[in-house]
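The block underneath contains the structure these notes are about, expressed in structure tokens.
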Amino acid sequence: MNQRYDFREIEKKWRAEWEKNPINKEDDVKPKFYCLDMFPYPSGTGLHVGHWRGYVLSDVVSRYKVLQGYQVLHPMGWDAFGLPAENFAIKNNIHPSIATANNIANVKRQLHEISAIYDWDREVDTTDPNYYKWTQWIFVQMFKHGLAYEKEMPLNWCPSCKCVLANEEATNGTCERCGATVTKKNLRQWMLKITAYADRLLEDLKTLDWSDKVKKMQSDWIGKSYGAEVDFKVVGSDKKITVYTTRPDTLHGCTFMVLAPEYKDIPELTTPECKEAVEKYCFDASTKSSVDRMTNKEKTGVFTGAYCVNPVNGKEIPVWVADYVLADYGTGAVMCVPAHDERDFEFAKKFDLPIVQVILPEGEEEKELTEAYTGDGVIINSGDWNGMKAFEAKEKVPHIMEEKGLGKKTVNYKLRDWVFSRQRYWGEPIPIVHCEHCGAVAVPEDQLPVLLPQVESYKPTDTGESPLAHIDEWVNTTCPKCGGPAKRETNTMPQWAGSSWYFLRYVDNHNSEALVSKEKADEMLPVDMYIGGVEHAVLHLLYSRFYIKFLYDIGAVDFDEPFKKLFNQGMITGKNGIKMSKSKGNVVSPDDLVRDYGCDSLRMYELFVGPPELDAEWDDRGIDGVYRFLNRV
């Protein structure tokens, strides 16, 4: 047969046919299956072939379930609020609302060309007031239940641009816009008490059909640990330094103390002769990100001039400041046992601090250590504890210390409450008003949504406030409680707010009376199969789980986990395994490939490029073979 396969005519014909007569028709009798994609942020550059991989896989699953006789819910929408959209608008000098609408139109065109069986009648957009009314409603419920509260937090601040920077805008301690050294600025923030759900978020991982890798990532992020809180009295002062330790069995080996540069009592602890050096060190630390501080191999520090007393042996030990200690884990103070901790060992060697071994491998004799020993063994050099097995002592010592009044056994988490507000324009207004008499008051539910006002200037302000703070006619309002003068909250929500519950709205996206009706939720929820990249394995999935557990607790839904099964597709990379990005110039757009080879060729190559759960390197030559194969078929 010499005639070539005319993909342009045939694909156009079938797309029109499927739009007129969907193969996935609604049917009340069929069993239901909910197959969900992680919805995209509609970027200005559109989709690349890496995005297509996940969407093709989810469409294959959806079509397969249709053939098995299921009524499949396979929706699509837009995660369109947040920093990426705002930065794109600022860079291109186009209002975020206009830029976002244009980008949605472009990505939607690309998704039509994928020939997926999306139900576009269920489309959602996080920037639609009819949608973010319910994002605000959820916040109001959290506020009423004590899970939303205000707190001052240190944020990245560019003294040159005079604005707050997101972490991704402050890489390597410099502002990506102007190159100035980034500092920290304390600003009032709204927080969500996700820590109240730490145990449930951890325990319920056991019930999920997710990969062990993702469950471990979430478990590590929550970071539950058992240990003891121990007080070290400061010499010549009535102050004390409280530390949290998971290894109280090594207390006799603690030879110095290290504080985080943000530790609140550093000014009072520092002696006059050390003041200048300590202040400079703390300032320099404020210009570094937490990731940089934790991963920096070279240990740095400064002595405060102060000493504290080791409570188990009465020895005075020096108090240092070091940036490898973070203020938001434990108490911001660390008891250092250099013989049995790699970081402490490096620090002690650099600053010539004592190293006392208190765990000896069984059957060996004590000798000078050339590196930290972190294994099990027998307790030595520890008074009454000598002879105990180390890992057994780890469990027993907290009880012993509690009995003697030297400390108390406790549980700690790495998980911290969620910093929920942003000092930006392009986001959901937080539905709170501030009254001099009544304090923070939630906007009544019948007054939602609080609409995001149109503004001419949407760039960050030089005060660190949101641009909304300068719109007097919007800010000035009346208190819902007392009727007196009040001001609206001017911080906006983060991009995560709308993406933490969107899968609920697909089920009932035109409902003006409820988040989702109980009848439709019972019919379609929770999600049966969730497909998306592993880069969202922690924050997005954790936040979604937190939202659903809260909504379950208040009776808004009847299930407490959002996604029954999770599949993370591998990444499509450029040559040599380099991640596709516009800055690297290695992004492959599907548009030209669809034009030259057709949708089916691209879909099939996405499936055959490699095992779906593994990363795969893109090679345009591969699609030629698939195209020839389809012509033969």
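Ligands are numbered from 1 in the order shown, chains are lettered A, B, ... in the order of the structure tokens, and residues start at 1 in each chain.
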
Tell me, counting only C-alpha atoms, for each residue of stretch 474-511 of chain A within 10 Å of stretch 426-448 of chain A, which pair of atoms is nearest and how far apart they are in Å to one decimal, in rows ordered by chain and increasing number, as JSON lines.
{"residue": "A:Val475", "atom": "CA", "partner": "A:Val433", "partner_atom": "CA", "distance": 8.8}
{"residue": "A:Asn476", "atom": "CA", "partner": "A:Val433", "partner_atom": "CA", "distance": 9.2}
{"residue": "A:Thr477", "atom": "CA", "partner": "A:Val433", "partner_atom": "CA", "distance": 7.9}
{"residue": "A:Thr478", "atom": "CA", "partner": "A:Val433", "partner_atom": "CA", "distance": 8.1}
{"residue": "A:Cys479", "atom": "CA", "partner": "A:Cys435", "partner_atom": "CA", "distance": 6.1}
{"residue": "A:Pro480", "atom": "CA", "partner": "A:Val443", "partner_atom": "CA", "distance": 6.8}
{"residue": "A:Lys481", "atom": "CA", "partner": "A:Cys438", "partner_atom": "CA", "distance": 7.2}
{"residue": "A:Cys482", "atom": "CA", "partner": "A:Cys438", "partner_atom": "CA", "distance": 7.5}
{"residue": "A:Gly483", "atom": "CA", "partner": "A:Cys435", "partner_atom": "CA", "distance": 9.4}
{"residue": "A:Gly484", "atom": "CA", "partner": "A:Cys435", "partner_atom": "CA", "distance": 7.5}
{"residue": "A:Pro485", "atom": "CA", "partner": "A:Cys435", "partner_atom": "CA", "distance": 6.8}
{"residue": "A:Ala486", "atom": "CA", "partner": "A:Cys435", "partner_atom": "CA", "distance": 4.6}
{"residue": "A:Lys487", "atom": "CA", "partner": "A:His434", "partner_atom": "CA", "distance": 5.2}
{"residue": "A:Arg488", "atom": "CA", "partner": "A:Val433", "partner_atom": "CA", "distance": 4.3}
{"residue": "A:Glu489", "atom": "CA", "partner": "A:Ile432", "partner_atom": "CA", "distance": 5.4}
{"residue": "A:Thr490", "atom": "CA", "partner": "A:Pro429", "partner_atom": "CA", "distance": 7.0}
{"residue": "A:Asn491", "atom": "CA", "partner": "A:Ile430", "partner_atom": "CA", "distance": 6.5}
{"residue": "A:Thr492", "atom": "CA", "partner": "A:Pro429", "partner_atom": "CA", "distance": 4.7}
{"residue": "A:Met493", "atom": "CA", "partner": "A:Glu428", "partner_atom": "CA", "distance": 5.2}
{"residue": "A:Pro494", "atom": "CA", "partner": "A:Gly427", "partner_atom": "CA", "distance": 6.5}
{"residue": "A:Gln495", "atom": "CA", "partner": "A:Gly427", "partner_atom": "CA", "distance": 7.0}
{"residue": "A:Ala497", "atom": "CA", "partner": "A:Glu428", "partner_atom": "CA", "distance": 8.2}
{"residue": "A:Gly498", "atom": "CA", "partner": "A:Glu428", "partner_atom": "CA", "distance": 8.4}

**Report entry** Residue set, stretch 279-489 of chain A restricted to alpha helix (DSSP H), as JSON, numbers by chain
**Finding:** {"A": [279, 280, 281, 282, 283, 284, 285, 286, 290, 291, 292, 293, 294, 295, 342, 343, 344, 345, 346, 347, 348, 349, 350, 351, 390, 391, 392, 393, 394, 395, 396, 397, 398, 399, 400, 401, 402, 403, 404, 472, 473, 474, 475]}

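For the residues A:Lys315, A:Arg188, A:Lys297, A:Lys367, ranking by smallest atom-to-atom distance to A:Val235 using only C-alpha atoms places A:Lys315 first.
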
Query raised in the report: If you count only C-alpha atoms, which residues fall within 9 Å of stretch 542-550 of chain A, apart from same-chain ones fewer than 4 positions away, as a PyMOL selection string?
Result: chain A and resi 138+142+194+197-198+200-201+218+496-497+499-501+537-538+554-557+559-563

Query - All strand (DSSP E or B) positions in stretch 413-553 of chain A, as a PyMOL selection string - result: chain A and resi 418-419+422+429+432-435+439-442+476-478+485-488+492+527-533

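Using only C-alpha atoms, the shortest contact distance between A:Pro154 and any of A:Lys133, A:Lys185, A:Lys520, A:Lys30 is found at A:Lys185.
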